[in-house]
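Participant: Sharing my_file_37.txt here; it has compact mmCIF, C-alpha atoms.
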# COMPACT_ATOMS: atom_id res chain seq x y z
CA MET A 1 -48.27 -113.28 150.37
CA GLU A 2 -45.82 -110.48 149.73
CA ASN A 3 -44.33 -109.94 153.17
CA THR A 4 -43.94 -111.47 156.59
CA GLN A 5 -46.64 -109.27 158.09
CA GLU A 6 -49.23 -110.67 155.66
CA LEU A 7 -48.24 -114.24 156.48
CA ILE A 8 -48.47 -113.54 160.21
CA ALA A 9 -51.84 -111.84 159.68
CA ARG A 10 -53.04 -114.95 157.87
CA LEU A 11 -51.93 -117.09 160.80
CA ASN A 12 -53.67 -114.80 163.28
CA GLN A 13 -56.89 -114.72 161.25
CA SER A 14 -56.96 -118.49 161.04
CA GLY A 15 -56.57 -118.83 164.80
CA LYS A 16 -60.28 -119.03 165.63
CA LYS A 17 -60.86 -121.77 163.06
CA LEU A 18 -57.92 -123.90 164.16
CA SER A 19 -57.85 -126.70 166.67
CA LYS A 20 -56.02 -126.27 169.96
CA SER A 21 -52.92 -128.06 168.63
CA HIS A 22 -52.94 -126.03 165.43
CA ARG A 23 -53.26 -122.78 167.39
CA ARG A 24 -50.15 -123.72 169.36
CA ILE A 25 -48.24 -124.18 166.11
CA ALA A 26 -49.54 -120.87 164.75
CA GLU A 27 -48.54 -119.03 167.92
CA CYS A 28 -45.05 -120.55 167.74
CA ILE A 29 -44.60 -119.43 164.13
CA VAL A 30 -45.89 -115.92 164.84
CA GLN A 31 -43.57 -115.49 167.83
CA HIS A 32 -40.52 -117.35 166.48
CA TYR A 33 -40.94 -117.32 162.69
CA ASP A 34 -37.22 -116.71 162.15
CA LYS A 35 -36.45 -120.08 163.75
CA ALA A 36 -39.59 -121.97 162.71
CA ALA A 37 -38.91 -121.27 159.05
CA PHE A 38 -35.91 -123.57 159.12
CA MET A 39 -37.33 -126.37 161.27
CA THR A 40 -38.51 -129.63 159.75
CA ALA A 41 -42.09 -130.67 160.45
CA SER A 42 -40.74 -133.17 162.97
CA LYS A 43 -38.54 -130.58 164.69
CA LEU A 44 -41.32 -128.01 164.85
CA GLY A 45 -43.65 -130.63 166.27
CA GLN A 46 -41.14 -131.49 168.99
CA TYR A 47 -40.64 -127.81 169.78
CA VAL A 48 -44.37 -127.17 170.13
CA GLY A 49 -45.24 -130.52 171.69
CA VAL A 50 -47.35 -132.04 168.92
CA SER A 51 -46.83 -134.82 166.38
CA GLU A 52 -45.24 -134.37 162.97
CA SER A 53 -48.52 -135.31 161.28
CA THR A 54 -50.27 -132.53 163.21
CA VAL A 55 -47.81 -130.01 161.78
CA VAL A 56 -48.46 -131.34 158.27
CA ARG A 57 -52.23 -131.03 158.76
CA PHE A 58 -51.73 -127.50 160.07
CA ALA A 59 -50.01 -126.49 156.83
CA ALA A 60 -52.91 -127.96 154.86
CA ALA A 61 -55.38 -126.04 157.03
CA LEU A 62 -53.67 -122.82 155.94
CA GLY A 63 -54.14 -123.75 152.30
CA TYR A 64 -50.70 -125.19 151.50
CA GLU A 65 -50.18 -128.46 149.66
CA GLY A 66 -47.92 -129.59 152.46
CA TYR A 67 -45.51 -128.43 155.13
CA PRO A 68 -42.60 -127.87 152.69
CA GLN A 69 -44.66 -125.21 150.89
CA LEU A 70 -45.40 -123.38 154.16
CA GLN A 71 -41.75 -123.65 155.17
CA LYS A 72 -40.59 -122.31 151.81
CA ALA A 73 -42.98 -119.36 152.04
CA LEU A 74 -41.58 -118.48 155.45
CA GLN A 75 -37.98 -118.86 154.31
CA GLU A 76 -38.47 -116.68 151.24
CA LEU A 77 -40.06 -113.93 153.28
CA ILE A 78 -37.63 -113.71 156.17
CA ARG A 79 -34.30 -114.85 154.77
CA HIS A 80 -32.97 -111.34 154.16
CA ARG A 81 -33.88 -110.31 157.72
CA LEU A 82 -31.78 -112.91 159.51
CA THR A 83 -28.64 -111.83 161.30
CA ALA A 84 -25.39 -113.70 160.76
CA SER A 85 -25.76 -115.39 164.15
CA GLN A 86 -29.31 -116.52 163.33
CA ARG A 87 -28.16 -117.94 159.99
CA PHE A 88 -25.28 -119.71 161.72
CA GLU A 89 -27.70 -121.19 164.25
CA MET A 90 -29.59 -122.88 161.40
CA THR A 91 -26.74 -125.35 161.00
CA SER A 92 -26.64 -126.34 164.67
CA ASP A 93 -28.69 -129.50 164.11
CA MET A 94 -26.97 -130.52 160.86
CA ASP A 95 -25.19 -133.87 161.01
CA HIS A 96 -21.50 -133.21 160.34
CA SER A 97 -21.28 -136.28 158.12
CA GLN A 98 -24.02 -134.86 155.87
CA VAL A 99 -22.66 -131.33 155.45
CA LEU A 100 -20.90 -131.95 152.12
CA ALA A 101 -23.87 -133.71 150.53
CA LYS A 102 -26.41 -131.19 151.82
CA VAL A 103 -24.47 -128.14 150.67
CA LEU A 104 -23.79 -129.57 147.20
CA LYS A 105 -27.43 -130.63 146.82
CA ALA A 106 -28.61 -127.19 147.89
CA ASP A 107 -26.37 -125.58 145.28
CA MET A 108 -27.68 -127.94 142.58
CA GLN A 109 -31.27 -127.18 143.58
CA ASN A 110 -30.57 -123.45 143.38
CA ILE A 111 -29.19 -123.78 139.86
CA ARG A 112 -32.08 -126.00 138.79
CA ALA A 113 -34.68 -123.63 140.24
CA THR A 114 -32.99 -120.65 138.59
CA MET A 115 -33.02 -122.39 135.22
CA ASP A 116 -36.69 -123.34 135.61
CA GLU A 117 -37.89 -119.92 136.73
CA ILE A 118 -35.79 -117.41 134.80
CA ASP A 119 -37.58 -115.31 132.20
CA ILE A 120 -35.67 -115.75 128.92
CA HIS A 121 -37.21 -112.55 127.54
CA VAL A 122 -35.80 -110.55 130.44
CA PHE A 123 -32.44 -112.27 129.92
CA GLU A 124 -32.40 -111.22 126.25
CA ALA A 125 -33.52 -107.70 127.15
CA ALA A 126 -30.65 -107.48 129.65
CA ILE A 127 -28.18 -108.44 126.92
CA ASP A 128 -29.56 -105.71 124.65
CA LYS A 129 -29.38 -103.18 127.48
CA ILE A 130 -25.71 -103.99 128.14
CA LEU A 131 -24.86 -103.79 124.43
CA GLN A 132 -26.49 -100.37 124.12
CA ALA A 133 -24.71 -98.78 127.09
CA ARG A 134 -21.98 -96.18 126.55
CA HIS A 135 -20.38 -97.07 129.88
CA ILE A 136 -21.10 -100.08 132.09
CA TYR A 137 -20.79 -99.86 135.87
CA VAL A 138 -20.85 -103.12 137.84
CA LEU A 139 -21.71 -102.72 141.53
CA GLY A 140 -21.38 -105.40 144.20
CA LEU A 141 -20.55 -105.02 147.88
CA ARG A 142 -19.56 -107.37 150.70
CA ALA A 143 -20.46 -110.99 149.81
CA SER A 144 -21.63 -109.88 146.35
CA ALA A 145 -18.29 -108.22 145.57
CA PRO A 146 -16.73 -111.41 144.09
CA LEU A 147 -19.67 -111.68 141.67
CA ALA A 148 -19.20 -108.08 140.57
CA GLN A 149 -15.45 -108.60 140.18
CA PHE A 150 -15.98 -111.73 138.08
CA LEU A 151 -18.56 -110.06 135.83
CA SER A 152 -16.55 -106.88 135.33
CA HIS A 153 -13.36 -108.87 134.64
CA TYR A 154 -14.92 -110.63 131.66
CA LEU A 155 -16.97 -107.66 130.48
CA LYS A 156 -13.67 -105.80 130.00
CA TYR A 157 -12.73 -108.38 127.36
CA ILE A 158 -15.91 -107.49 125.47
CA PHE A 159 -16.38 -103.75 126.09
CA PRO A 160 -13.89 -100.86 126.39
CA ASN A 161 -15.73 -98.89 129.06
CA VAL A 162 -16.40 -101.03 132.14
CA THR A 163 -16.01 -99.83 135.73
CA LEU A 164 -16.06 -102.08 138.79
CA VAL A 165 -17.76 -100.33 141.71
CA THR A 166 -17.02 -101.87 145.08
CA SER A 167 -15.85 -100.83 148.53
CA GLY A 168 -12.32 -99.49 148.56
CA ILE A 169 -10.36 -96.29 148.94
CA SER A 170 -13.10 -94.09 147.47
CA ASP A 171 -16.77 -94.05 148.39
CA VAL A 172 -19.25 -95.86 146.15
CA PHE A 173 -20.94 -92.58 145.26
CA GLU A 174 -17.63 -91.07 144.13
CA GLN A 175 -17.11 -94.01 141.78
CA ILE A 176 -20.38 -93.39 139.94
CA MET A 177 -20.45 -89.58 140.00
CA ARG A 178 -20.06 -89.33 136.20
CA ILE A 179 -22.86 -91.77 135.39
CA ASN A 180 -25.53 -90.40 133.04
CA ASP A 181 -28.46 -91.36 130.84
CA GLU A 182 -26.24 -93.14 128.31
CA ASP A 183 -24.84 -95.49 130.91
CA LEU A 184 -25.88 -98.71 132.63
CA LEU A 185 -25.43 -99.70 136.26
CA ILE A 186 -25.56 -103.42 137.03
CA GLY A 187 -26.35 -103.80 140.73
CA ILE A 188 -25.70 -107.17 142.38
CA SER A 189 -26.97 -107.97 145.87
CA PHE A 190 -28.27 -110.99 147.74
CA PRO A 191 -29.51 -111.42 151.33
CA ARG A 192 -28.52 -109.71 153.49
CA TYR A 193 -28.94 -106.85 151.03
CA THR A 194 -26.53 -103.93 151.47
CA SER A 195 -28.15 -100.53 151.89
CA ARG A 196 -25.33 -98.80 149.99
CA THR A 197 -26.05 -100.87 146.87
CA LEU A 198 -29.67 -99.74 146.85
CA GLU A 199 -28.71 -96.12 147.53
CA ALA A 200 -26.18 -96.13 144.69
CA MET A 201 -28.77 -97.56 142.31
CA GLU A 202 -31.23 -94.86 143.32
CA LEU A 203 -28.60 -92.19 142.67
CA ALA A 204 -27.86 -93.67 139.24
CA LYS A 205 -31.58 -93.76 138.47
CA ASN A 206 -31.90 -90.08 139.38
CA ARG A 207 -29.08 -89.39 136.92
CA GLY A 208 -31.08 -91.09 134.17
CA ALA A 209 -28.93 -94.22 133.93
CA SER A 210 -30.44 -97.60 133.07
CA LEU A 211 -30.47 -100.14 135.89
CA LEU A 212 -30.05 -103.91 135.72
CA ALA A 213 -30.35 -105.86 138.97
CA ILE A 214 -28.99 -109.33 139.62
CA THR A 215 -30.62 -110.54 142.81
CA ASP A 216 -32.60 -113.40 144.33
CA GLY A 217 -36.26 -112.60 143.76
CA PRO A 218 -39.15 -110.12 143.54
CA LEU A 219 -38.98 -109.39 147.27
CA SER A 220 -35.47 -107.99 146.87
CA PRO A 221 -35.32 -104.19 147.34
CA LEU A 222 -33.33 -104.02 144.09
CA HIS A 223 -36.29 -105.41 142.15
CA SER A 224 -38.47 -102.32 142.56
CA VAL A 225 -35.79 -99.79 141.57
CA ALA A 226 -34.27 -101.62 138.56
CA ASP A 227 -35.46 -101.38 134.95
CA LEU A 228 -34.67 -105.07 134.46
CA CYS A 229 -34.13 -107.77 137.06
CA LEU A 230 -32.38 -111.11 136.58
CA MET A 231 -33.14 -113.45 139.46
CA ALA A 232 -31.06 -116.36 140.72
CA LYS A 233 -31.68 -118.51 143.77
CA SER A 234 -29.22 -118.23 146.64
CA ASP A 235 -30.95 -120.28 149.36
CA MET A 236 -28.58 -121.74 151.91
CA ALA A 237 -29.41 -122.74 155.49
CA SER A 238 -26.18 -121.26 156.84
CA PHE A 239 -24.33 -117.99 157.35
CA VAL A 240 -22.64 -118.65 154.00
CA ASP A 241 -24.27 -117.24 150.86
CA SER A 242 -24.84 -119.74 148.05
CA LEU A 243 -23.57 -117.94 144.97
CA CYS A 244 -23.45 -120.88 142.55
CA ALA A 245 -26.69 -120.03 140.74
CA PRO A 246 -25.90 -116.29 140.52
CA LEU A 247 -22.46 -117.14 139.13
CA SER A 248 -23.99 -119.51 136.56
CA LEU A 249 -26.38 -116.75 135.50
CA ILE A 250 -23.47 -114.33 135.14
CA ASN A 251 -21.56 -116.94 133.11
CA ALA A 252 -24.52 -117.19 130.75
CA LEU A 253 -24.62 -113.40 130.37
CA ILE A 254 -20.92 -113.25 129.53
CA VAL A 255 -21.13 -116.07 126.97
CA ALA A 256 -24.21 -114.54 125.31
CA LEU A 257 -22.57 -111.11 125.12
CA GLY A 258 -19.40 -112.62 123.67
CA GLN A 259 -21.44 -114.27 120.94
CA ARG A 260 -23.14 -110.98 120.06
CA ARG A 261 -19.73 -109.27 119.70
CA ARG A 262 -17.85 -112.28 118.36
CA GLN A 263 -15.69 -110.45 115.79
CA GLN A 264 -14.55 -107.68 118.15
CA VAL A 265 -13.81 -110.13 120.96
CA ALA A 266 -11.84 -112.43 118.64
CA GLN A 267 -9.66 -109.52 117.48
CA TYR A 268 -9.10 -108.39 121.06
CA PHE A 269 -8.05 -111.88 122.18
CA ASP A 270 -5.64 -112.19 119.24
CA GLN A 271 -3.86 -109.07 120.49
CA LEU A 272 -3.97 -110.21 124.11
CA GLU A 273 -2.53 -113.64 123.34
CA GLY A 274 0.54 -111.96 121.87
CA ILE A 275 1.03 -109.88 125.00
CA TRP A 276 0.36 -112.83 127.32
CA SER A 277 2.90 -114.91 125.43
CA GLU A 278 5.55 -112.18 125.34
CA TYR A 279 5.33 -111.49 129.06
CA LYS A 280 4.71 -115.14 130.04
CA VAL A 281 1.48 -114.34 131.88
CA TYR A 282 0.40 -117.99 131.85
CA LEU A 283 2.43 -121.12 132.42
CA GLY A 284 3.17 -123.04 129.24
CA LYS A 285 2.97 -126.80 128.82
CA GLY A 286 5.54 -128.55 130.92
CA SER A 287 6.16 -125.49 133.10
CA GLU A 288 6.64 -126.06 136.78
CA ALA A 289 4.52 -124.20 139.31
If you convert what's in this file into structure tokens, what do you get?
Facilitator:
Amino acid sequence: MENTQELIARLNQSGKKLSKSHRRIAECIVQHYDKAAFMTASKLGQYVGVSESTVVRFAAALGYEGYPQLQKALQELIRHRLTASQRFEMTSDMDHSQVLAKVLKADMQNIRATMDEIDIHVFEAAIDKILQARHIYVLGLRASAPLAQFLSHYLKYIFPNVTLVTSGISDVFEQIMRINDEDLLIGISFPRYTSRTLEAMELAKNRGASLLAITDGPLSPLHSVADLCLMAKSDMASFVDSLCAPLSLINALIVALGQRRRQQVAQYFDQLEGIWSEYKVYLGKGSEA
């Protein structure tokens, strides 16, 4: 299933074969899939007026191993469509005493899933692409801006020509006007995807630049336009974006690039340490805050 319409079509097509209770569940999902996707089997059962076990059997009738698989399919397909208020509503039933544990566990699961699913060959190809670029542009807007800032900050220790592209005084298009076929644009975006990021990547592609996307999965609009796509999970049942896995992926990129340019980076840091020491950029041992 590649989109929500296909999933809903599957539900509609199964309607004649389903029992009365199962049809009620299917109708609920078709009409309220944005809410149903984040309900537990028990909660969905209560909402529809059937038992939890009936909901589990319904998922099996659709060909899923269990309800969690159906729920995950729904979440993956609609997550980028949810408004901020809808995402905020997802936390309405969360026990306040469990917030810390649930958020930390979700972040750990995102990192684990990213590690399990990432294509190491694409990761290595991305490193080569960055190393080959004459000029590197790093684009990230709104919630993805901190990721772009972090990546560009450390890339500047490794490469002389790095430009951070984010919202500011000048328009995004103005910031990439000189991009050409010797350059690389790294576009970073996670749900809800920003239209300007995609438009800027399309402009860069038309100029012949190479494109590397850092996003959440194959359904991301960045995936189809980029030459290479590094994917990191960002699932979070809240209005807050979970950026732990994307940041870990970016950390890995930076470390790998530093290793490939070890001699140049070491020389650069030797010079920087002298400047940092002279101008007391960092607090020394025993210094007071």
Participant: Just how far from atom CA of Arg134 of chain A is atom CA of Ser248 of chain A, in Å to one decimal?
Facilitator: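 Taking atom CA of Ser248 of chain A as the start and atom CA of Arg134 of chain A as the end point, the length is 25.5 Å.
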Participant: So, with only C-alpha atoms as the atoms that count, which of A:Leu219, A:Thr40, A:Leu272, A:Val48 lies closest to Arg24 of chain A?
Facilitator: A:Val48
Participant: Using only C-alpha atoms, find each residue of segment 170-287 of chain A with at least one atom at most 6 Å away from an atom of segment 140-158 of chain A; report its shortest atom-to-atom pair and that distance in Å (one decimal), sort the rows by chain and rising residue number, and return the result as CSV.
Facilitator:
residue,atom,partner,partner_atom,distance
A:Ile188,CA,A:Gly140,CA,5.0
A:Ser189,CA,A:Ser144,CA,5.7
A:Val265,CA,A:Ile158,CA,5.6
Participant: For those residues, write C-alpha atoms to a file as a PDB file, in the frame of the given file.
Facilitator:
ATOM      1  CA  ILE A 188     -25.700-107.170 142.380  1.00  0.00           C
ATOM      2  CA  SER A 189     -26.970-107.970 145.870  1.00  0.00           C
ATOM      3  CA  VAL A 265     -13.810-110.130 120.960  1.00  0.00           C
TER       4      VAL A 265
END
Participant: Would you write out, as a tab-separated table, a table of all residues in segment 68-168 of chain A that have an atom no more than 9 Å from an atom of segment 209-213 of chain A, listing for each the closest atom pair and the distance in Å to one decimal, considering only C-alpha atoms and ordering rows by chain and rising residue number?
Facilitator:
residue	atom	partner	partner_atom	distance
A:Ala126	CA	A:Leu212	CA	7.1
A:Lys129	CA	A:Ser210	CA	8.0
A:Ile130	CA	A:Leu212	CA	8.7
A:Ala133	CA	A:Ser210	CA	8.4
Participant: Find the residue from A:Lys72, A:Ser220, A:Pro191, A:Leu203 that sits nearest to Glu174 of chain A; use only C-alpha atoms when measuring.
Facilitator: A:Leu203
Participant: Can you pull out the residues contacting Glu199 of chain A? Cut-off 12 Å, using only C-alpha atoms, and skip same-chain residues under 2 positions away; I want them as a PyMOL selection string.
Facilitator: chain A and resi 139+172-173+176+187+193-197+201-206+221-222+225-226
Participant: Using only C-alpha atoms, pick whichever of A:Ser170, A:Gln69, A:Gln271, A:Gln46 has the shortest atom-to-atom distance to Ile25 of chain A.
Facilitator: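 Between A:Ser170, A:Gln69, A:Gln271, A:Gln46, the residue approaching Ile25 of chain A most closely is A:Gln46.
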Participant: Compare A:Thr166, A:Asn110, A:Ser21, A:Gln98 by their minimum atom-to-atom distance to Ala232 of chain A, counting all atoms listed in the file, and give me the closest one.
Facilitator: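 Smallest distance to Ala232 of chain A is found for A:Asn110.
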Participant: My list of candidates is A:Val138, A:Tyr268, A:Arg262, A:Lys17. Which is closest to Ile250 of chain A when distances are computed with only C-alpha atoms?
Facilitator: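 Of A:Val138, A:Tyr268, A:Arg262, A:Lys17, the one nearest Ile250 of chain A is A:Val138, counting only C-alpha atoms.
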Participant: Please identify all polymer residues within 8 Å of Ile127 of chain A, counting only C-alpha atoms, omitting same-chain residues fewer than 4 positions from it, and present them as number ranges by chain.
Facilitator: A: 123, 131, 253, 256-257
Participant: Name the residues in contact with Met231 of chain A at a cut-off of 10 Å, using only C-alpha atoms, excluding same-chain residues fewer than 4 positions from it; report them as number ranges by chain.
Facilitator: A: 114-115, 117-119, 122-123, 190, 213-218, 220, 223, 245-246, 249
Participant: Take atom CA of Ala252 of chain A and atom CA of Val103 of chain A and report the distance between them in Å, one decimal.
Facilitator: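 Going from atom CA of Ala252 of chain A over to atom CA of Val103 of chain A covers 22.7 Å.
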Participant: From the options A:Trp276, A:Tyr137, A:Phe58, A:Tyr33, which residue's atoms come nearest to Gly45 of chain A, counting all atoms listed in the file?
Facilitator: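 Distance minimum relative to Gly45 of chain A lands on A:Phe58.
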Participant: In Å to one decimal, how far is atom CA of His135 of chain A from atom CA of Glu273 of chain A?
Facilitator: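 Between these atoms lies a distance of 25.2 Å.
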Participant: Taking (-25.7, -120.3, 146.4) in the file's own coordinates, collect the residues within 6 Å, counting only C-alpha atoms, and hand them back as a PyMOL selection string.
Facilitator: chain A and resi 107+234+241-245
